[in-house]
Amino acid sequence: MKQIVVISGKGGTGKTIIAAAFAALAKNKVMADCDVDAADLHLLLHPKIVEHHEFKSGKIAVIDEDKCIICGKCLAYCRFSAVVAFKNDDGSLKKIGIDPIACEGCAFRSFICPAEAIRMKENTSGEWFISETRFGPMVHAKLGIAEENSGKLVTLVRQKAKELAEKQNCHWVIIDGAPGIGCPVIASLSGVDFALVVTEPTLSGLHDADRVIKVARHFGVLVKLVINKYDLNIDMTEKIERYCRDNNIPLMGKIGFDESVVKAMVEGKTIIEYPDGKTKEETKKIWDSLLSI
């Protein structure tokens, strides 16, 4: 079984479109959407949820109002301003509560509370799913608003995708990674066979591709590159090609700007399913090249 992750140094390069195309082309595979902060692979694959699970990570403080003596000690010492004071008309403390979004789960208040009225409760920070699509099984997730630990959720998604692939004797796990170089990207890169970086012919495209390539190589991951919409800036495309030669990065292909990509997305299809377009043929060539390697 091989694991391939499609990543990009920045958003908007066409990473998910290529990952979805690979999902349509690959035989005997499991898909994993590891962009848990802003997942969008489902928009093209239209998954039907088979399993739904909560993702619990970290803890938040909870006040037992029956035990609370409203001394205000937690209010004075919380450095994250997560303690909320409710006051009477005369300004005296009426009640104390916790803002779950501001709470960092440090547990300090639970130690200083003289009445032991504060306890730490496990936090539900997202959800993850196992679904069926027209191309096979898919594991995906959704991180809650303002929640942390996206790297842990990505690791969970990848773990479940790998377990599912092993159970069904699949040959591939195709991972749609997050853009950038943060925790979700690092968690997406860990242990894969290679990473395919999708970039565009702009200065920011090259700059951010260079950053994510350095992150991948830091973790010992083989890197290959695709230039999307290359014909919008030929000079910049030539700079990226030189960068690939200078840094020993295989350039797997160049995809031109193609209006059929937009039309396919509007219809909720992968570019492989759309009847026309040069992007379809070029993407097939890229996938065949990856298979031959």
# chains A, B, ... in the order shown; residues from 1 in each chain; ligands from 1
call {"tool": "closest_atom_pairs", "arguments": {"of": "range 106-197 of chain A", "to": "range 78-99 of chain A", "cutoff": "10 Å", "atoms": "only C-alpha atoms", "output": "CSV"}}
result
residue,atom,partner,partner_atom,distance
A:Cys106,CA,A:Cys78,CA,9.6
A:Ala107,CA,A:Cys78,CA,9.9
A:Phe108,CA,A:Cys78,CA,7.7
A:Arg109,CA,A:Cys78,CA,6.8
A:Ile118,CA,A:Ile98,CA,9.8
call {"tool": "write_last_selection", "arguments": {"atoms": "C-alpha atoms", "output": "PDB file, in the first residue's frame"}}
result
ATOM      1  CA  CYS A 106      -4.557  25.020  31.611  1.00  0.00           C
ATOM      2  CA  ALA A 107      -6.403  23.718  34.730  1.00  0.00           C
ATOM      3  CA  PHE A 108      -4.815  26.425  36.920  1.00  0.00           C
ATOM      4  CA  ARG A 109      -8.183  27.565  38.261  1.00  0.00           C
ATOM      5  CA  ILE A 118     -13.878  23.829  39.185  1.00  0.00           C
TER       6      ILE A 118
END
call {"tool": "closest_atom_pairs", "arguments": {"of": "range 216-261 of chain A", "to": "range 3-7 of chain A", "cutoff": "10 Å", "atoms": "only C-alpha atoms", "output": "CSV"}}
result
residue,atom,partner,partner_atom,distance
A:Val223,CA,A:Val5,CA,9.8
A:Lys224,CA,A:Val6,CA,9.7
A:Leu225,CA,A:Val6,CA,9.6
call {"tool": "write_last_selection", "arguments": {"atoms": "C-alpha atoms", "output": "mmCIF file, in the first residue's frame"}}
result
data_model
loop_
_atom_site.group_PDB
_atom_site.id
_atom_site.type_symbol
_atom_site.label_atom_id
_atom_site.label_comp_id
_atom_site.auth_asym_id
_atom_site.auth_seq_id
_atom_site.Cartn_x
_atom_site.Cartn_y
_atom_site.Cartn_z
ATOM 1 C CA VAL A 223 8.777 15.495 -3.121
ATOM 2 C CA LYS A 224 7.488 15.913 -6.661
ATOM 3 C CA LEU A 225 5.943 19.021 -8.201
#
call {"tool": "select_by_dssp", "arguments": {"residues": "range 97-256 of chain A", "states": "strand (DSSP E)", "output": "ChimeraX atom specification"}}
result
/A:97-98,118-133,136-143,172-179,194-199,222-228,251-255
call {"tool": "write_last_selection", "arguments": {"atoms": "C-alpha atoms", "output": "mmCIF file, in the first residue's frame"}}
result
data_model
loop_
_atom_site.group_PDB
_atom_site.id
_atom_site.type_symbol
_atom_site.label_atom_id
_atom_site.label_comp_id
_atom_site.auth_asym_id
_atom_site.auth_seq_id
_atom_site.Cartn_x
_atom_site.Cartn_y
_atom_site.Cartn_z
ATOM 1 C CA GLY A 97 -19.107 31.240 34.644
ATOM 2 C CA ILE A 98 -16.571 30.010 32.074
ATOM 3 C CA ILE A 118 -13.878 23.829 39.185
ATOM 4 C CA ARG A 119 -13.251 20.602 37.294
ATOM 5 C CA MET A 120 -11.735 19.909 33.900
ATOM 6 C CA LYS A 121 -14.055 18.400 31.306
ATOM 7 C CA GLU A 122 -12.930 16.670 28.122
ATOM 8 C CA ASN A 123 -13.608 18.939 25.164
ATOM 9 C CA THR A 124 -15.439 17.889 22.005
ATOM 10 C CA SER A 125 -13.582 19.899 19.378
ATOM 11 C CA GLY A 126 -14.731 18.343 16.132
ATOM 12 C CA GLU A 127 -16.090 15.308 14.349
ATOM 13 C CA TRP A 128 -14.818 12.757 11.865
ATOM 14 C CA PHE A 129 -16.546 10.510 9.350
ATOM 15 C CA ILE A 130 -16.147 7.384 7.290
ATOM 16 C CA SER A 131 -18.126 7.720 4.077
ATOM 17 C CA GLU A 132 -18.784 5.997 0.785
ATOM 18 C CA THR A 133 -18.285 7.816 -2.510
ATOM 19 C CA GLY A 136 -14.681 4.225 -2.940
ATOM 20 C CA PRO A 137 -14.352 4.882 0.800
ATOM 21 C CA MET A 138 -13.332 8.251 2.186
ATOM 22 C CA VAL A 139 -12.304 9.408 5.656
ATOM 23 C CA HIS A 140 -12.830 13.090 6.428
ATOM 24 C CA ALA A 141 -13.348 15.422 9.357
ATOM 25 C CA LYS A 142 -14.527 18.821 10.510
ATOM 26 C CA LEU A 143 -12.780 20.815 13.196
ATOM 27 C CA TRP A 172 -3.478 3.458 -2.361
ATOM 28 C CA VAL A 173 -4.328 6.028 0.271
ATOM 29 C CA ILE A 174 -4.800 9.360 -1.496
ATOM 30 C CA ILE A 175 -4.571 12.282 0.911
ATOM 31 C CA ASP A 176 -5.769 15.808 0.231
ATOM 32 C CA GLY A 177 -3.558 17.823 2.575
ATOM 33 C CA ALA A 178 -3.974 21.321 3.954
ATOM 34 C CA PRO A 179 -2.249 24.363 2.396
ATOM 35 C CA PHE A 194 5.811 10.850 -1.367
ATOM 36 C CA ALA A 195 4.264 14.312 -1.519
ATOM 37 C CA LEU A 196 3.025 15.983 -4.662
ATOM 38 C CA VAL A 197 3.302 19.754 -4.361
ATOM 39 C CA VAL A 198 0.930 21.787 -6.537
ATOM 40 C CA THR A 199 2.012 25.334 -7.281
ATOM 41 C CA LEU A 222 10.177 12.498 -1.235
ATOM 42 C CA VAL A 223 8.777 15.495 -3.121
ATOM 43 C CA LYS A 224 7.488 15.913 -6.661
ATOM 44 C CA LEU A 225 5.943 19.021 -8.201
ATOM 45 C CA VAL A 226 3.163 20.039 -10.594
ATOM 46 C CA ILE A 227 2.681 23.535 -12.025
ATOM 47 C CA ASN A 228 -0.983 24.401 -12.427
ATOM 48 C CA LEU A 251 8.566 18.073 -12.321
ATOM 49 C CA MET A 252 5.713 15.665 -13.007
ATOM 50 C CA GLY A 253 3.760 17.908 -15.325
ATOM 51 C CA LYS A 254 2.369 21.303 -16.287
ATOM 52 C CA ILE A 255 -1.355 21.921 -16.461
#
call {"tool": "closest_residue", "arguments": {"among": "A:Glu166, A:Gln159, A:Ala20, A:Ile213", "to": "Val261 in chain A", "atoms": "only C-alpha atoms"}}
result
A:Ala20
call {"tool": "atom_distance", "arguments": {"atom1": "CA of Val262 in chain A", "atom2": "CA of Ile240 in chain A"}}
result
24.6 Å
call {"tool": "residues_around", "arguments": {"residues": "Pro184 in chain A", "least_positions_apart": "5", "cutoff": "10 Å", "atoms": "only C-alpha atoms", "output": "NGL selection string"}}
result
:A and (34-37 or 149-155 or 177-179 or 189)
call {"tool": "closest_residue", "arguments": {"among": "A:Ile101, A:Ile18, A:Val192, A:Ala23", "to": "Lys162 in chain A", "atoms": "only C-alpha atoms"}}
result
A:Val192
call {"tool": "atom_distance", "arguments": {"atom1": "CA of Gln168 in chain A", "atom2": "CA of His53 in chain A"}}
result
20.6 Å
call {"tool": "atom_distance", "arguments": {"atom1": "CA of Lys278 in chain A", "atom2": "CA of Val212 in chain A"}}
result
27.7 Å
call {"tool": "residues_around", "arguments": {"residues": "Gly256 in chain A", "least_positions_apart": "3", "cutoff": "7 Å", "atoms": "only C-alpha atoms", "output": "ChimeraX atom specification"}}
result
/A:228-231,279
call {"tool": "write_last_selection", "arguments": {"atoms": "N, CA and C atoms", "output": "compact mmCIF listing (two decimals), in the first residue's frame"}}
result
# COMPACT_ATOMS: atom_id res chain seq x y z
N ASN A 228 0.39 24.24 -11.94
CA ASN A 228 -0.98 24.40 -12.43
C ASN A 228 -1.15 25.79 -13.04
N LYS A 229 -1.95 25.87 -14.10
CA LYS A 229 -2.20 27.13 -14.83
C LYS A 229 -0.88 27.75 -15.30
N TYR A 230 0.01 26.90 -15.78
CA TYR A 230 1.37 27.35 -16.11
C TYR A 230 1.39 28.42 -17.20
N ASP A 231 0.40 28.37 -18.11
CA ASP A 231 0.44 29.26 -19.26
C ASP A 231 -0.04 30.68 -18.96
N THR A 279 -7.05 19.77 -19.40
CA THR A 279 -6.60 19.44 -18.04
C THR A 279 -6.81 17.97 -17.75
call {"tool": "closest_residue", "arguments": {"among": "A:Asn247, A:Ile17, A:Cys170, A:His218", "to": "Ser260 in chain A", "atoms": "only C-alpha atoms"}}
result
A:Ile17
call {"tool": "decode", "arguments": {"residues": "range 146-178 of chain A", "atoms": "N, CA and C atoms", "output": "PDB file, in the first residue's frame"}}
result
ATOM      1  N   ALA A 146     -12.951  27.800  16.074  1.00  0.00           N
ATOM      2  CA  ALA A 146     -12.004  28.298  17.084  1.00  0.00           C
ATOM      3  C   ALA A 146     -11.378  27.185  17.908  1.00  0.00           C
ATOM      4  N   GLU A 147     -11.457  25.938  17.420  1.00  0.00           N
ATOM      5  CA  GLU A 147     -10.858  24.825  18.146  1.00  0.00           C
ATOM      6  C   GLU A 147      -9.408  24.620  17.712  1.00  0.00           C
ATOM      7  N   GLU A 148      -8.647  24.017  18.616  1.00  0.00           N
ATOM      8  CA  GLU A 148      -7.236  23.736  18.344  1.00  0.00           C
ATOM      9  C   GLU A 148      -7.038  22.246  18.077  1.00  0.00           C
ATOM     10  N   ASN A 149      -5.770  21.832  18.037  1.00  0.00           N
ATOM     11  CA  ASN A 149      -5.396  20.425  17.862  1.00  0.00           C
ATOM     12  C   ASN A 149      -5.800  19.872  16.490  1.00  0.00           C
ATOM     13  N   SER A 150      -5.716  20.715  15.445  1.00  0.00           N
ATOM     14  CA  SER A 150      -6.022  20.236  14.103  1.00  0.00           C
ATOM     15  C   SER A 150      -5.036  19.149  13.671  1.00  0.00           C
ATOM     16  N   GLY A 151      -3.789  19.244  14.132  1.00  0.00           N
ATOM     17  CA  GLY A 151      -2.806  18.211  13.803  1.00  0.00           C
ATOM     18  C   GLY A 151      -3.197  16.851  14.341  1.00  0.00           C
ATOM     19  N   LYS A 152      -3.770  16.812  15.545  1.00  0.00           N
ATOM     20  CA  LYS A 152      -4.221  15.543  16.127  1.00  0.00           C
ATOM     21  C   LYS A 152      -5.387  14.963  15.335  1.00  0.00           C
ATOM     22  N   LEU A 153      -6.285  15.836  14.876  1.00  0.00           N
ATOM     23  CA  LEU A 153      -7.423  15.355  14.085  1.00  0.00           C
ATOM     24  C   LEU A 153      -6.955  14.827  12.737  1.00  0.00           C
ATOM     25  N   VAL A 154      -5.981  15.486  12.119  1.00  0.00           N
ATOM     26  CA  VAL A 154      -5.409  14.988  10.859  1.00  0.00           C
ATOM     27  C   VAL A 154      -4.777  13.620  11.068  1.00  0.00           C
ATOM     28  N   THR A 155      -4.047  13.462  12.157  1.00  0.00           N
ATOM     29  CA  THR A 155      -3.424  12.174  12.462  1.00  0.00           C
ATOM     30  C   THR A 155      -4.476  11.083  12.615  1.00  0.00           C
ATOM     31  N   LEU A 156      -5.583  11.414  13.259  1.00  0.00           N
ATOM     32  CA  LEU A 156      -6.669  10.455  13.428  1.00  0.00           C
ATOM     33  C   LEU A 156      -7.277  10.069  12.081  1.00  0.00           C
ATOM     34  N   VAL A 157      -7.515  11.065  11.226  1.00  0.00           N
ATOM     35  CA  VAL A 157      -8.071  10.791   9.897  1.00  0.00           C
ATOM     36  C   VAL A 157      -7.148   9.868   9.106  1.00  0.00           C
ATOM     37  N   ARG A 158      -5.858  10.155   9.154  1.00  0.00           N
ATOM     38  CA  ARG A 158      -4.895   9.324   8.416  1.00  0.00           C
ATOM     39  C   ARG A 158      -4.825   7.916   8.984  1.00  0.00           C
ATOM     40  N   GLN A 159      -4.867   7.808  10.301  1.00  0.00           N
ATOM     41  CA  GLN A 159      -4.825   6.499  10.946  1.00  0.00           C
ATOM     42  C   GLN A 159      -6.031   5.647  10.521  1.00  0.00           C
ATOM     43  N   LYS A 160      -7.215   6.261  10.543  1.00  0.00           N
ATOM     44  CA  LYS A 160      -8.426   5.523  10.168  1.00  0.00           C
ATOM     45  C   LYS A 160      -8.419   5.166   8.682  1.00  0.00           C
ATOM     46  N   ALA A 161      -7.902   6.060   7.843  1.00  0.00           N
ATOM     47  CA  ALA A 161      -7.815   5.765   6.408  1.00  0.00           C
ATOM     48  C   ALA A 161      -6.862   4.605   6.148  1.00  0.00           C
ATOM     49  N   LYS A 162      -5.743   4.600   6.857  1.00  0.00           N
ATOM     50  CA  LYS A 162      -4.782   3.506   6.689  1.00  0.00           C
ATOM     51  C   LYS A 162      -5.369   2.186   7.168  1.00  0.00           C
ATOM     52  N   GLU A 163      -6.051   2.207   8.314  1.00  0.00           N
ATOM     53  CA  GLU A 163      -6.683   0.990   8.835  1.00  0.00           C
ATOM     54  C   GLU A 163      -7.722   0.458   7.851  1.00  0.00           C
ATOM     55  N   LEU A 164      -8.499   1.363   7.273  1.00  0.00           N
ATOM     56  CA  LEU A 164      -9.521   0.967   6.309  1.00  0.00           C
ATOM     57  C   LEU A 164      -8.889   0.384   5.051  1.00  0.00           C
ATOM     58  N   ALA A 165      -7.798   0.996   4.594  1.00  0.00           N
ATOM     59  CA  ALA A 165      -7.105   0.507   3.399  1.00  0.00           C
ATOM     60  C   ALA A 165      -6.523  -0.888   3.641  1.00  0.00           C
ATOM     61  N   GLU A 166      -5.954  -1.097   4.829  1.00  0.00           N
ATOM     62  CA  GLU A 166      -5.395  -2.413   5.158  1.00  0.00           C
ATOM     63  C   GLU A 166      -6.498  -3.464   5.247  1.00  0.00           C
ATOM     64  N   LYS A 167      -7.621  -3.082   5.830  1.00  0.00           N
ATOM     65  CA  LYS A 167      -8.743  -4.007   5.985  1.00  0.00           C
ATOM     66  C   LYS A 167      -9.306  -4.429   4.636  1.00  0.00           C
ATOM     67  N   GLN A 168      -9.359  -3.492   3.686  1.00  0.00           N
ATOM     68  CA  GLN A 168      -9.934  -3.775   2.378  1.00  0.00           C
ATOM     69  C   GLN A 168      -8.882  -4.124   1.322  1.00  0.00           C
ATOM     70  N   ASN A 169      -7.623  -4.294   1.760  1.00  0.00           N
ATOM     71  CA  ASN A 169      -6.515  -4.638   0.859  1.00  0.00           C
ATOM     72  C   ASN A 169      -6.383  -3.641  -0.296  1.00  0.00           C
ATOM     73  N   CYS A 170      -6.465  -2.362   0.041  1.00  0.00           N
ATOM     74  CA  CYS A 170      -6.339  -1.314  -0.978  1.00  0.00           C
ATOM     75  C   CYS A 170      -4.869  -1.053  -1.303  1.00  0.00           C
ATOM     76  N   HIS A 171      -4.632  -0.563  -2.514  1.00  0.00           N
ATOM     77  CA  HIS A 171      -3.263  -0.288  -2.953  1.00  0.00           C
ATOM     78  C   HIS A 171      -2.827   1.137  -2.645  1.00  0.00           C
ATOM     79  N   TRP A 172      -3.803   2.046  -2.501  1.00  0.00           N
ATOM     80  CA  TRP A 172      -3.478   3.458  -2.361  1.00  0.00           C
ATOM     81  C   TRP A 172      -4.266   4.106  -1.233  1.00  0.00           C
ATOM     82  N   VAL A 173      -3.629   5.053  -0.557  1.00  0.00           N
ATOM     83  CA  VAL A 173      -4.328   6.028   0.271  1.00  0.00           C
ATOM     84  C   VAL A 173      -3.990   7.392  -0.326  1.00  0.00           C
ATOM     85  N   ILE A 174      -4.998   8.059  -0.859  1.00  0.00           N
ATOM     86  CA  ILE A 174      -4.800   9.360  -1.496  1.00  0.00           C
ATOM     87  C   ILE A 174      -5.253  10.441  -0.524  1.00  0.00           C
ATOM     88  N   ILE A 175      -4.320  11.304  -0.140  1.00  0.00           N
ATOM     89  CA  ILE A 175      -4.571  12.282   0.911  1.00  0.00           C
ATOM     90  C   ILE A 175      -4.607  13.684   0.319  1.00  0.00           C
ATOM     91  N   ASP A 176      -5.685  14.387   0.581  1.00  0.00           N
ATOM     92  CA  ASP A 176      -5.769  15.808   0.231  1.00  0.00           C
ATOM     93  C   ASP A 176      -5.319  16.588   1.466  1.00  0.00           C
ATOM     94  N   GLY A 177      -4.120  17.136   1.415  1.00  0.00           N
ATOM     95  CA  GLY A 177      -3.558  17.823   2.575  1.00  0.00           C
ATOM     96  C   GLY A 177      -4.014  19.271   2.659  1.00  0.00           C
ATOM     97  N   ALA A 178      -3.651  19.903   3.758  1.00  0.00           N
ATOM     98  CA  ALA A 178      -3.974  21.321   3.954  1.00  0.00           C
ATOM     99  C   ALA A 178      -2.920  22.192   3.265  1.00  0.00           C
TER     100      ALA A 178
END
